[in-house]
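Data from query-v9.json: JSON, C-alpha atoms
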```json
[["chain", "number", "residue", "atom", "x", "y", "z"],
["A", 27, "MET", "CA", -138.37, -192.40, 126.00],
["A", 28, "VAL", "CA", -136.02, -189.42, 126.20],
["A", 29, "GLU", "CA", -135.42, -188.21, 129.73],
["A", 30, "HIS", "CA", -134.37, -184.86, 131.10],
["A", 31, "SER", "CA", -134.13, -183.55, 134.61],
["A", 32, "LYS", "CA", -136.28, -180.79, 135.99],
["A", 33, "GLY", "CA", -135.04, -177.37, 135.05],
["A", 34, "THR", "CA", -135.04, -174.91, 132.25],
["A", 35, "ARG", "CA", -136.51, -176.29, 129.06],
["A", 36, "PRO", "CA", -133.79, -176.17, 126.38],
["A", 37, "SER", "CA", -134.45, -173.96, 123.40],
["A", 38, "GLN", "CA", -134.09, -175.01, 119.79],
["A", 39, "GLN", "CA", -130.83, -174.18, 117.98],
["A", 40, "GLN", "CA", -128.98, -174.15, 121.30],
["A", 41, "ASN", "CA", -125.42, -175.48, 121.20],
["A", 42, "SER", "CA", -124.19, -178.13, 123.59],
["A", 43, "ASN", "CA", -121.52, -180.74, 124.23],
["A", 44, "GLY", "CA", -122.38, -184.40, 124.64],
["A", 45, "LEU", "CA", -121.21, -188.00, 124.91],
["A", 46, "VAL", "CA", -122.35, -190.54, 122.32],
["A", 47, "ILE", "CA", -123.83, -193.46, 124.26],
["A", 48, "ALA", "CA", -125.36, -195.53, 121.44],
["A", 49, "ALA", "CA", -125.14, -195.85, 117.68],
["A", 50, "HIS", "CA", -127.31, -197.61, 115.12],
["A", 51, "GLY", "CA", -126.55, -196.88, 111.50],
["A", 52, "ARG", "CA", -126.44, -193.09, 111.15],
["A", 53, "HIS", "CA", -128.58, -192.55, 114.22],
["A", 54, "TYR", "CA", -127.00, -191.74, 117.57],
["A", 55, "LEU", "CA", -128.10, -191.26, 121.14],
["A", 56, "VAL", "CA", -126.15, -188.52, 122.90],
["A", 57, "GLN", "CA", -126.07, -187.77, 126.62],
["A", 58, "ALA", "CA", -125.91, -183.98, 126.89],
["A", 59, "LYS", "CA", -126.27, -181.28, 129.49],
["A", 60, "VAL", "CA", -128.07, -178.19, 128.26],
["A", 61, "GLY", "CA", -128.31, -175.50, 130.87],
["A", 62, "ASP", "CA", -129.39, -177.32, 134.01],
["A", 63, "ALA", "CA", -131.13, -180.10, 132.08],
["A", 64, "SER", "CA", -129.62, -183.53, 131.48],
["A", 65, "LEU", "CA", -130.96, -185.04, 128.27],
["A", 66, "LYS", "CA", -130.66, -188.04, 126.01],
["A", 67, "LEU", "CA", -130.90, -186.61, 122.51],
["A", 68, "GLN", "CA", -131.66, -188.44, 119.29],
["A", 69, "CYS", "CA", -129.01, -187.13, 116.89],
["A", 70, "VAL", "CA", -127.92, -187.37, 113.30],
["A", 71, "THR", "CA", -124.86, -186.04, 111.49],
["A", 72, "ARG", "CA", -124.83, -183.47, 108.75],
["A", 73, "GLY", "CA", -125.07, -184.97, 105.29],
["A", 74, "LYS", "CA", -124.22, -188.65, 105.00],
["A", 75, "LYS", "CA", -121.31, -188.71, 107.42],
["A", 76, "SER", "CA", -121.15, -191.81, 109.61],
["A", 77, "ASP", "CA", -117.77, -191.30, 111.27],
["A", 78, "VAL", "CA", -119.17, -190.94, 114.81],
["A", 79, "ALA", "CA", -118.46, -193.69, 117.35],
["A", 80, "VAL", "CA", -119.86, -194.58, 120.74],
["A", 81, "GLY", "CA", -117.65, -192.89, 123.31],
["A", 82, "ASP", "CA", -117.07, -189.82, 121.16],
["A", 83, "HIS", "CA", -117.32, -186.39, 122.78],
["A", 84, "VAL", "CA", -119.21, -184.21, 120.32],
["A", 85, "LYS", "CA", -120.46, -180.69, 119.79],
["A", 86, "LEU", "CA", -124.07, -180.53, 118.70],
["A", 87, "LYS", "CA", -126.92, -178.17, 117.96],
["A", 88, "LEU", "CA", -130.41, -178.82, 119.29],
["A", 89, "THR", "CA", -133.15, -178.86, 116.65],
["A", 90, "SER", "CA", -135.95, -179.68, 119.13],
["A", 91, "PHE", "CA", -136.26, -180.48, 122.82],
["A", 92, "ASN", "CA", -135.13, -184.09, 122.23],
["A", 93, "GLN", "CA", -133.27, -184.00, 118.92],
["A", 94, "GLY", "CA", -130.01, -182.56, 117.63],
["A", 95, "VAL", "CA", -127.42, -182.49, 114.89],
["A", 96, "ILE", "CA", -123.82, -183.46, 115.59],
["A", 97, "GLU", "CA", -121.64, -180.63, 114.32],
["A", 98, "SER", "CA", -118.16, -181.93, 115.17],
["A", 99, "ILE", "CA", -116.21, -184.60, 117.04],
["A", 100, "GLU", "CA", -113.66, -183.65, 119.66],
["A", 101, "GLU", "CA", -110.15, -185.08, 119.40],
["A", 102, "ARG", "CA", -110.04, -188.75, 120.31],
["A", 103, "ASN", "CA", -107.59, -190.47, 122.63],
["A", 104, "SER", "CA", -108.18, -193.81, 120.92],
["A", 105, "LEU", "CA", -110.36, -195.46, 118.29],
["A", 106, "LEU", "CA", -111.07, -199.17, 117.95],
["A", 107, "TYR", "CA", -112.52, -200.38, 114.69],
["A", 108, "ARG", "CA", -112.57, -203.28, 112.29],
["A", 109, "SER", "CA", -112.62, -203.14, 108.51],
["A", 110, "ASP", "CA", -113.02, -205.25, 105.42],
["A", 111, "GLN", "CA", -111.82, -204.54, 101.91],
["A", 112, "TYR", "CA", -114.33, -201.76, 101.35],
["A", 113, "LYS", "CA", -115.49, -200.16, 104.59],
["A", 114, "ALA", "CA", -114.72, -199.68, 108.27],
["A", 115, "LYS", "CA", -116.95, -200.45, 111.24],
["A", 116, "LEU", "CA", -116.28, -198.16, 114.19],
["A", 117, "LEU", "CA", -116.54, -199.96, 117.52],
["A", 118, "ALA", "CA", -115.75, -197.30, 120.14],
["A", 119, "ALA", "CA", -113.73, -194.15, 120.77],
["A", 120, "ASN", "CA", -111.75, -192.93, 123.78],
["A", 121, "ILE", "CA", -111.56, -196.36, 125.36],
["A", 122, "THR", "CA", -108.65, -197.29, 127.60],
["A", 123, "GLN", "CA", -109.04, -201.04, 127.67],
["A", 124, "LEU", "CA", -110.58, -203.97, 125.82],
["A", 125, "PHE", "CA", -112.14, -207.05, 127.44],
["A", 126, "ILE", "CA", -112.31, -210.04, 125.08],
["A", 127, "VAL", "CA", -115.03, -212.27, 126.52],
["A", 128, "VAL", "CA", -114.78, -216.02, 125.87],
["A", 129, "ALA", "CA", -116.44, -218.97, 127.55],
["A", 130, "THR", "CA", -115.95, -222.64, 128.29],
["A", 131, "GLU", "CA", -118.91, -223.23, 125.98],
["A", 132, "PRO", "CA", -119.87, -222.60, 123.26],
["A", 133, "SER", "CA", -116.45, -222.85, 121.65],
["A", 134, "PHE", "CA", -114.68, -219.59, 120.82],
["A", 135, "SER", "CA", -112.52, -218.56, 117.88],
["A", 136, "ASP", "CA", -108.76, -218.21, 118.41],
["A", 137, "ASP", "CA", -108.64, -216.22, 115.18],
["A", 138, "LEU", "CA", -111.03, -213.61, 116.60],
["A", 139, "ILE", "CA", -109.09, -213.39, 119.87],
["A", 140, "SER", "CA", -105.78, -212.85, 118.11],
["A", 141, "ARG", "CA", -107.25, -210.29, 115.71],
["A", 142, "ALA", "CA", -108.78, -208.37, 118.61],
["A", 143, "LEU", "CA", -105.43, -208.40, 120.42],
["A", 144, "VAL", "CA", -103.68, -207.09, 117.30],
["A", 145, "ALA", "CA", -106.29, -204.33, 116.96],
["A", 146, "ALA", "CA", -105.79, -203.35, 120.60],
["A", 147, "GLU", "CA", -102.02, -203.23, 120.26],
["A", 148, "ALA", "CA", -102.25, -201.14, 117.09],
["A", 149, "ALA", "CA", -104.54, -198.67, 118.90],
["A", 150, "SER", "CA", -102.42, -198.65, 122.11],
["A", 151, "ILE", "CA", -105.32, -200.05, 124.13],
["A", 152, "LYS", "CA", -104.68, -202.47, 127.00],
["A", 153, "ALA", "CA", -106.29, -205.86, 126.38],
["A", 154, "HIS", "CA", -107.63, -208.44, 128.84],
["A", 155, "ILE", "CA", -109.21, -211.83, 128.25],
["A", 156, "VAL", "CA", -112.23, -212.70, 130.40],
["A", 157, "LEU", "CA", -113.06, -216.40, 130.63],
["A", 158, "ASN", "CA", -116.73, -216.75, 131.57],
["A", 159, "LYS", "CA", -118.75, -219.83, 132.60],
["A", 160, "THR", "CA", -115.94, -221.40, 134.64],
["A", 161, "ASP", "CA", -118.60, -223.39, 136.51],
["A", 162, "ILE", "CA", -118.75, -225.74, 133.50],
["A", 163, "ILE", "CA", -115.99, -227.88, 134.99],
["A", 164, "GLU", "CA", -115.84, -230.54, 132.29],
["A", 165, "ALA", "CA", -114.71, -227.98, 129.69],
["A", 166, "LEU", "CA", -112.56, -225.80, 131.95],
["A", 167, "GLY", "CA", -109.24, -227.65, 131.66],
["A", 168, "LYS", "CA", -109.26, -227.73, 127.86],
["A", 169, "THR", "CA", -110.28, -224.06, 127.70],
["A", 170, "ARG", "CA", -107.44, -223.05, 130.02],
["A", 171, "GLN", "CA", -104.99, -224.89, 127.78],
["A", 172, "ARG", "CA", -106.24, -222.97, 124.73],
["A", 173, "LEU", "CA", -105.84, -219.65, 126.53],
["A", 174, "GLN", "CA", -102.36, -220.41, 127.86],
["A", 175, "MET", "CA", -100.81, -219.18, 124.61],
["A", 176, "TYR", "CA", -102.15, -215.69, 125.32],
["A", 177, "ALA", "CA", -101.16, -215.81, 128.98],
["A", 178, "ASP", "CA", -97.62, -216.68, 127.84],
["A", 179, "LEU", "CA", -97.67, -213.42, 125.87],
["A", 180, "ASP", "CA", -98.44, -211.58, 129.14],
["A", 181, "TYR", "CA", -102.10, -210.95, 128.39],
["A", 182, "LEU", "CA", -104.08, -211.22, 131.62],
["A", 183, "VAL", "CA", -106.77, -213.92, 131.70],
["A", 184, "HIS", "CA", -109.51, -213.41, 134.32],
["A", 185, "GLU", "CA", -111.72, -216.37, 135.23],
["A", 186, "VAL", "CA", -115.33, -215.62, 136.19],
["A", 187, "SER", "CA", -118.82, -217.09, 136.15],
["A", 188, "ALA", "CA", -121.46, -214.37, 135.91],
["A", 189, "ARG", "CA", -124.41, -216.61, 136.69],
["A", 190, "ALA", "CA", -122.96, -219.20, 139.07],
["A", 191, "PHE", "CA", -120.68, -216.91, 141.07],
["A", 192, "PRO", "CA", -121.93, -213.33, 140.65],
["A", 193, "GLU", "CA", -120.32, -211.89, 143.79],
["A", 194, "GLN", "CA", -116.88, -213.30, 142.95],
["A", 195, "THR", "CA", -117.27, -212.07, 139.37],
["A", 196, "CYS", "CA", -117.96, -208.52, 140.55],
["A", 197, "ALA", "CA", -115.03, -208.69, 142.97],
["A", 198, "THR", "CA", -112.76, -209.74, 140.10],
["A", 199, "LEU", "CA", -113.88, -207.23, 137.47],
["A", 200, "GLN", "CA", -114.90, -204.07, 139.29],
["A", 201, "PRO", "CA", -111.36, -203.10, 140.39],
["A", 202, "LEU", "CA", -110.25, -203.49, 136.76],
["A", 203, "LEU", "CA", -113.10, -201.28, 135.51],
["A", 204, "ALA", "CA", -112.65, -198.42, 138.00],
["A", 205, "GLY", "CA", -111.53, -195.22, 136.31],
["A", 206, "GLN", "CA", -111.44, -196.89, 132.88],
["A", 207, "SER", "CA", -113.44, -196.76, 129.68],
["A", 208, "THR", "CA", -113.85, -200.41, 128.76],
["A", 209, "ILE", "CA", -115.34, -202.14, 125.73],
["A", 210, "LEU", "CA", -116.50, -205.76, 125.84],
["A", 211, "ILE", "CA", -116.29, -207.72, 122.60],
["A", 212, "GLY", "CA", -116.82, -211.36, 121.77],
["A", 213, "GLN", "CA", -118.85, -213.84, 119.83],
["A", 214, "SER", "CA", -122.52, -214.38, 120.57],
["A", 215, "GLY", "CA", -123.18, -216.74, 123.45],
["A", 216, "MET", "CA", -120.09, -215.90, 125.49],
["A", 217, "GLY", "CA", -122.09, -214.16, 128.23],
["A", 218, "LYS", "CA", -121.33, -210.48, 127.61],
["A", 219, "SER", "CA", -124.90, -209.47, 128.41],
["A", 220, "SER", "CA", -124.83, -211.42, 131.67],
["A", 221, "LEU", "CA", -121.65, -209.63, 132.68],
["A", 222, "ILE", "CA", -123.10, -206.23, 131.78],
["A", 223, "ASN", "CA", -126.30, -206.88, 133.73],
["A", 224, "LEU", "CA", -124.25, -207.94, 136.72],
["A", 225, "ILE", "CA", -121.94, -204.94, 136.69],
["A", 226, "VAL", "CA", -124.34, -202.18, 135.63],
["A", 227, "PRO", "CA", -127.49, -201.57, 137.69],
["A", 228, "ASP", "CA", -130.64, -201.21, 135.57],
["A", 229, "ALA", "CA", -128.83, -202.16, 132.36],
["A", 230, "ASP", "CA", -131.95, -203.82, 130.96],
["A", 231, "ILE", "CA", -133.96, -200.65, 131.53],
["A", 232, "ALA", "CA", -131.31, -198.59, 129.78],
["A", 233, "VAL", "CA", -131.29, -200.97, 126.82],
["A", 234, "CYS", "CA", -135.06, -200.64, 126.39],
["A", 235, "GLU", "CA", -134.84, -196.83, 126.48],
["A", 236, "ILE", "CA", -132.00, -196.77, 123.97],
["A", 237, "SER", "CA", -133.80, -199.23, 121.68],
["A", 238, "ALA", "CA", -136.88, -197.02, 121.67],
["A", 239, "ALA", "CA", -134.84, -193.89, 120.99],
["A", 240, "LEU", "CA", -132.95, -195.50, 118.10],
["A", 241, "ASP", "CA", -136.09, -197.24, 116.81],
["A", 242, "THR", "CA", -134.44, -200.67, 116.83],
["A", 243, "GLY", "CA", -137.41, -202.53, 118.28],
["A", 244, "LYS", "CA", -136.49, -205.59, 120.30],
["A", 245, "HIS", "CA", -133.23, -206.23, 118.48],
["A", 246, "THR", "CA", -131.18, -204.72, 121.27],
["A", 247, "THR", "CA", -127.97, -206.60, 120.42],
["A", 248, "THR", "CA", -127.60, -204.94, 117.03],
["A", 249, "PHE", "CA", -126.07, -201.71, 118.30],
["A", 250, "THR", "CA", -123.13, -200.65, 120.46],
["A", 251, "ARG", "CA", -124.04, -198.93, 123.72],
["A", 252, "LEU", "CA", -122.26, -197.20, 126.59],
["A", 253, "TYR", "CA", -123.22, -197.38, 130.25],
["A", 254, "GLU", "CA", -121.91, -194.96, 132.83],
["A", 255, "MET", "CA", -121.06, -196.97, 135.91],
["A", 256, "ASP", "CA", -122.41, -196.13, 139.34],
["A", 257, "ALA", "CA", -120.27, -193.41, 140.90],
["A", 258, "THR", "CA", -120.32, -195.30, 144.19],
["A", 259, "ASP", "CA", -118.20, -197.99, 142.57],
["A", 260, "GLN", "CA", -115.38, -195.53, 141.93],
["A", 261, "SER", "CA", -112.55, -194.52, 144.19],
["A", 262, "LEU", "CA", -112.46, -190.83, 145.14],
["A", 263, "ASP", "CA", -109.40, -190.06, 143.04],
["A", 264, "SER", "CA", -110.40, -192.02, 139.93],
["A", 265, "ASN", "CA", -111.91, -190.89, 136.65],
["A", 266, "PRO", "CA", -115.59, -191.69, 135.99],
["A", 267, "ALA", "CA", -115.84, -195.18, 134.51],
["A", 268, "ASN", "CA", -117.98, -196.44, 131.69],
["A", 269, "ILE", "CA", -118.43, -199.79, 130.03],
["A", 270, "ILE", "CA", -119.38, -200.36, 126.40],
["A", 271, "ASP", "CA", -121.22, -203.42, 125.14],
["A", 272, "SER", "CA", -120.88, -204.36, 121.48],
["A", 273, "PRO", "CA", -122.90, -206.75, 119.32],
["A", 274, "GLY", "CA", -121.54, -210.28, 119.02],
["A", 275, "PHE", "CA", -119.67, -210.85, 115.79],
["A", 276, "GLN", "CA", -117.73, -213.67, 114.16],
["A", 277, "GLU", "CA", -115.18, -211.76, 112.08],
["A", 278, "PHE", "CA", -112.66, -209.04, 112.87],
["A", 279, "GLY", "CA", -111.18, -207.62, 109.68],
["A", 280, "LEU", "CA", -108.05, -205.48, 110.01],
["A", 281, "TYR", "CA", -107.56, -204.29, 106.46],
["A", 282, "GLN", "CA", -106.66, -200.83, 107.76],
["A", 283, "LEU", "CA", -103.34, -201.90, 109.30],
["A", 284, "SER", "CA", -100.16, -201.37, 107.32],
["A", 285, "GLU", "CA", -97.29, -203.86, 107.26],
["A", 286, "GLY", "CA", -95.32, -201.80, 109.77],
["A", 287, "MET", "CA", -98.30, -201.54, 112.10],
["A", 288, "LEU", "CA", -98.92, -205.27, 111.88],
["A", 289, "GLU", "CA", -95.43, -206.44, 112.77],
["A", 290, "ARG", "CA", -95.38, -204.12, 115.79],
["A", 291, "ALA", "CA", -98.84, -205.29, 116.91],
["A", 292, "PHE", "CA", -97.64, -208.86, 117.42],
["A", 293, "VAL", "CA", -95.99, -208.51, 120.82],
["A", 294, "GLU", "CA", -93.93, -211.68, 120.40],
["A", 295, "PHE", "CA", -92.24, -210.21, 117.32],
["A", 296, "THR", "CA", -90.70, -207.32, 119.27],
["A", 297, "ALA", "CA", -87.53, -209.08, 120.37],
["A", 298, "TYR", "CA", -86.71, -210.08, 116.77],
["A", 299, "LEU", "CA", -87.53, -206.94, 114.79],
["A", 300, "GLY", "CA", -84.46, -205.37, 113.23],
["A", 301, "LYS", "CA", -82.50, -208.62, 113.40],
["A", 302, "CYS", "CA", -83.37, -210.01, 109.97],
["A", 303, "LYS", "CA", -80.72, -210.13, 107.21],
["A", 304, "PHE", "CA", -82.68, -207.68, 105.05],
["A", 305, "TYR", "CA", -83.87, -204.36, 106.49],
["A", 306, "ASN", "CA", -87.12, -204.57, 104.49],
["A", 307, "CYS", "CA", -87.86, -208.19, 105.41],
["A", 308, "HIS", "CA", -91.55, -209.13, 105.22],
["A", 309, "HIS", "CA", -91.10, -212.22, 107.45],
["A", 310, "LEU", "CA", -92.66, -214.47, 104.82],
["A", 311, "ILE", "CA", -90.07, -216.51, 102.89],
["A", 312, "GLU", "CA", -86.92, -214.37, 103.15],
["A", 313, "PRO", "CA", -83.61, -216.06, 104.04],
["A", 314, "ASP", "CA", -82.10, -215.40, 107.49],
["A", 315, "CYS", "CA", -85.34, -213.93, 108.81],
["A", 316, "ALA", "CA", -85.25, -213.68, 112.60],
["A", 317, "ILE", "CA", -89.03, -214.03, 112.85],
["A", 318, "LEU", "CA", -89.08, -217.21, 110.75],
["A", 319, "ARG", "CA", -86.24, -218.68, 112.84],
["A", 320, "ALA", "CA", -88.26, -217.99, 115.98],
["A", 321, "VAL", "CA", -91.29, -219.72, 114.43],
["A", 322, "LYS", "CA", -89.16, -222.74, 113.55],
["A", 323, "ASN", "CA", -87.82, -222.88, 117.12],
["A", 324, "ASN", "CA", -91.38, -222.52, 118.52],
["A", 325, "SER", "CA", -90.45, -219.24, 120.19],
["A", 326, "ILE", "CA", -93.29, -217.76, 118.13],
["A", 327, "SER", "CA", -96.50, -219.74, 117.70],
["A", 328, "PRO", "CA", -96.91, -220.96, 114.09],
["A", 329, "MET", "CA", -100.63, -220.17, 114.39],
["A", 330, "ARG", "CA", -99.90, -216.55, 115.32],
["A", 331, "HIS", "CA", -97.39, -216.20, 112.49],
["A", 332, "GLN", "CA", -99.91, -217.62, 110.05],
["A", 333, "LEU", "CA", -102.36, -214.96, 111.20],
["A", 334, "TYR", "CA", -99.72, -212.30, 110.52],
["A", 335, "VAL", "CA", -99.32, -213.69, 106.99],
["A", 336, "GLN", "CA", -103.09, -213.61, 106.48],
["A", 337, "LEU", "CA", -103.41, -210.05, 107.79],
["A", 338, "LEU", "CA", -100.53, -208.92, 105.59],
["A", 339, "HIS", "CA", -102.34, -210.38, 102.60],
["A", 340, "GLU", "CA", -105.58, -208.66, 103.61],
["A", 341, "SER", "CA", -103.89, -205.27, 103.99],
["A", 342, "SER", "CA", -102.65, -205.55, 100.39],
["A", 343, "GLN", "CA", -106.21, -206.01, 99.10],
["A", 344, "LYS", "CA", -107.44, -202.51, 99.88],
["A", 345, "PRO", "CA", -108.81, -200.73, 96.81],
["A", 346, "TYR", "CA", -106.92, -197.62, 95.70]]
```
Encoded form using structure tokens:
Amino acid sequence: MVEHSKGTRPSQQQNSNGLVIAAHGRHYLVQAKVGDASLKLQCVTRGKKSDVAVGDHVKLKLTSFNQGVIESIEERNSLLYRSDQYKAKLLAANITQLFIVVATEPSFSDDLISRALVAAEAASIKAHIVLNKTDIIEALGKTRQRLQMYADLDYLVHEVSARAFPEQTCATLQPLLAGQSTILIGQSGMGKSSLINLIVPDADIAVCEISAALDTGKHTTTFTRLYEMDATDQSLDSNPANIIDSPGFQEFGLYQLSEGMLERAFVEFTAYLGKCKFYNCHHLIEPDCAILRAVKNNSISPMRHQLYVQLLHESSQKPY
């Protein structure tokens, strides 16, 4: 169902500005204000363009009382996306922080965590790790040990349990969300939906409305969606906050990152950049490489360096 407030009925071909709150293929749901009416519009782009992301501020033209065409995208402050050898998958635009959600069980992928952290660094987006299901005590110690590597790199790890300790979870996360545009990513089963339902009132209702508008049936986890948080949760001098839920996925390709972007996106490399014997060192097999010395001395995790090597290989596979 597409809602609009009481007021003047918008006319066709009227121009408006809007915020993209959901995306499924080339179909988008846009929150727009037309005159004194607040609407959720089913929108498409002109031609076959699919370069619109959830969180984009767009200019659009109404084609009916509940439909429109996106004419242009306003300048973005940030864009988070993943890519393989052939195409890119936009995750969200204009976000200020990334929450990587993991859990004590099922097991999570260190590769996905590290790739998400690299993507955040490359896009100048602050990254947090949220450890959910801390009530599963038997797995908590081992999980903390696995996450210590990221804590040692100064990434904040927040421990919560959405179902067992909902009040404490809200007390932990809500101050971090205030005034921010936050995207939650993670593998399936980590509890992202439980966190969203806890933080956002009526999230389930919103999901059903968005699913109907985008014609996705009951498969509500197959699209990215934005929720505007309750204004009462915000401090008086803060910006309006929103939170974006993304589908669970197992892979995070970063083929779009160049060699220079990659070496700067590994925060532990920073102290050693520019100290190699050769100015164009790739940090692979070169003699007197400061990065390789740090790996040998365990100042840089061998696993993280191996990921850098893998990402460097992937970035060289892009078709030209």
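Of the residues under consideration (A:Gly73, A:Gly286, A:Gly44, A:Pro328), A:Gly44 shows the shortest atom-to-atom contact distance to Ile99 of chain A when counting all atoms listed in the file.
Closest to Gly212 of chain A among A:Val127, A:Leu166, A:Val183, A:Ala197 is A:Val127, based on only C-alpha atoms.
Closest approach to Gln200 of chain A among A:Glu164, A:Ser342, A:Ser150, A:Met255: A:Met255, based on all atoms listed in the file.
Going from atom CA of Gln336 of chain A to atom CA of Cys315 of chain A covers 17.9 Å.
Coordinates place atom CA of Ile151 of chain A at a distance of 26.9 Å from atom CA of Ala316 of chain A.
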Tell me, in Å to one decimal, how far atom CA of Arg330 of chain A is from atom CA of Pro313 of chain A.
19.8 Å
Of the listed residues A:Asp62, A:Asp228, A:Asp77, A:Asp180, that which approaches Ala49 of chain A most closely, counting only C-alpha atoms
A:Asp77
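If all atoms listed in the file are the atoms counted, then among A:Ala267, A:Ala48, A:Leu143, A:Ser219 the closest residue to Pro201 of chain A is A:Ala267.
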Selection near Ala58 of chain A, 12 Å with all atoms listed in the file, sequence-local residues under 5 positions removed, as a count of residues only:
31
Model the absent atoms of segment 199-219 of chain A so that N, CA and C atoms are present, and write the result as a PDB file, in the frame of the given file.
```
ATOM      1  N   LEU A 199    -113.860-208.187 138.579  1.00  0.00           N
ATOM      2  CA  LEU A 199    -113.880-207.230 137.470  1.00  0.00           C
ATOM      3  C   LEU A 199    -113.970-205.773 137.884  1.00  0.00           C
ATOM      4  N   GLN A 200    -114.691-205.469 138.948  1.00  0.00           N
ATOM      5  CA  GLN A 200    -114.900-204.070 139.290  1.00  0.00           C
ATOM      6  C   GLN A 200    -113.612-203.292 139.555  1.00  0.00           C
ATOM      7  N   PRO A 201    -112.611-203.849 140.238  1.00  0.00           N
ATOM      8  CA  PRO A 201    -111.360-203.100 140.390  1.00  0.00           C
ATOM      9  C   PRO A 201    -110.668-202.811 139.057  1.00  0.00           C
ATOM     10  N   LEU A 202    -110.853-203.696 138.079  1.00  0.00           N
ATOM     11  CA  LEU A 202    -110.250-203.490 136.760  1.00  0.00           C
ATOM     12  C   LEU A 202    -110.983-202.408 135.970  1.00  0.00           C
ATOM     13  N   LEU A 203    -112.269-202.235 136.255  1.00  0.00           N
ATOM     14  CA  LEU A 203    -113.100-201.280 135.510  1.00  0.00           C
ATOM     15  C   LEU A 203    -113.021-199.869 136.074  1.00  0.00           C
ATOM     16  N   ALA A 204    -112.652-199.731 137.346  1.00  0.00           N
ATOM     17  CA  ALA A 204    -112.650-198.420 138.000  1.00  0.00           C
ATOM     18  C   ALA A 204    -111.748-197.432 137.276  1.00  0.00           C
ATOM     19  N   GLY A 205    -112.309-196.269 136.955  1.00  0.00           N
ATOM     20  CA  GLY A 205    -111.530-195.220 136.310  1.00  0.00           C
ATOM     21  C   GLY A 205    -111.193-195.473 134.850  1.00  0.00           C
ATOM     22  N   GLN A 206    -111.761-196.519 134.252  1.00  0.00           N
ATOM     23  CA  GLN A 206    -111.440-196.890 132.880  1.00  0.00           C
ATOM     24  C   GLN A 206    -112.663-196.768 131.979  1.00  0.00           C
ATOM     25  N   SER A 207    -112.395-196.633 130.687  1.00  0.00           N
ATOM     26  CA  SER A 207    -113.440-196.760 129.680  1.00  0.00           C
ATOM     27  C   SER A 207    -113.190-198.078 128.966  1.00  0.00           C
ATOM     28  N   THR A 208    -114.089-199.034 129.151  1.00  0.00           N
ATOM     29  CA  THR A 208    -113.850-200.410 128.760  1.00  0.00           C
ATOM     30  C   THR A 208    -114.881-200.872 127.739  1.00  0.00           C
ATOM     31  N   ILE A 209    -114.421-201.535 126.678  1.00  0.00           N
ATOM     32  CA  ILE A 209    -115.340-202.140 125.730  1.00  0.00           C
ATOM     33  C   ILE A 209    -115.261-203.653 125.860  1.00  0.00           C
ATOM     34  N   LEU A 210    -116.416-204.302 125.842  1.00  0.00           N
ATOM     35  CA  LEU A 210    -116.500-205.760 125.840  1.00  0.00           C
ATOM     36  C   LEU A 210    -116.815-206.217 124.416  1.00  0.00           C
ATOM     37  N   ILE A 211    -116.004-207.140 123.906  1.00  0.00           N
ATOM     38  CA  ILE A 211    -116.290-207.720 122.600  1.00  0.00           C
ATOM     39  C   ILE A 211    -116.237-209.234 122.718  1.00  0.00           C
ATOM     40  N   GLY A 212    -116.835-209.913 121.770  1.00  0.00           N
ATOM     41  CA  GLY A 212    -116.820-211.360 121.770  1.00  0.00           C
ATOM     42  C   GLY A 212    -117.917-211.903 120.879  1.00  0.00           C
ATOM     43  N   GLN A 213    -117.828-213.186 120.640  1.00  0.00           N
ATOM     44  CA  GLN A 213    -118.850-213.840 119.830  1.00  0.00           C
ATOM     45  C   GLN A 213    -120.154-213.947 120.619  1.00  0.00           C
ATOM     46  N   SER A 214    -121.238-214.174 119.913  1.00  0.00           N
ATOM     47  CA  SER A 214    -122.520-214.380 120.570  1.00  0.00           C
ATOM     48  C   SER A 214    -122.456-215.639 121.430  1.00  0.00           C
ATOM     49  N   GLY A 215    -123.105-215.586 122.580  1.00  0.00           N
ATOM     50  CA  GLY A 215    -123.180-216.740 123.450  1.00  0.00           C
ATOM     51  C   GLY A 215    -122.092-216.829 124.503  1.00  0.00           C
ATOM     52  N   MET A 216    -121.183-215.857 124.527  1.00  0.00           N
ATOM     53  CA  MET A 216    -120.090-215.900 125.490  1.00  0.00           C
ATOM     54  C   MET A 216    -120.477-215.351 126.866  1.00  0.00           C
ATOM     55  N   GLY A 217    -121.617-214.667 126.942  1.00  0.00           N
ATOM     56  CA  GLY A 217    -122.090-214.160 128.230  1.00  0.00           C
ATOM     57  C   GLY A 217    -121.808-212.701 128.480  1.00  0.00           C
ATOM     58  N   LYS A 218    -121.585-211.911 127.419  1.00  0.00           N
ATOM     59  CA  LYS A 218    -121.330-210.480 127.610  1.00  0.00           C
ATOM     60  C   LYS A 218    -122.510-209.788 128.284  1.00  0.00           C
ATOM     61  N   SER A 219    -123.713-210.115 127.838  1.00  0.00           N
ATOM     62  CA  SER A 219    -124.900-209.470 128.410  1.00  0.00           C
ATOM     63  C   SER A 219    -125.051-209.806 129.886  1.00  0.00           C
TER      64      SER A 219
END
```
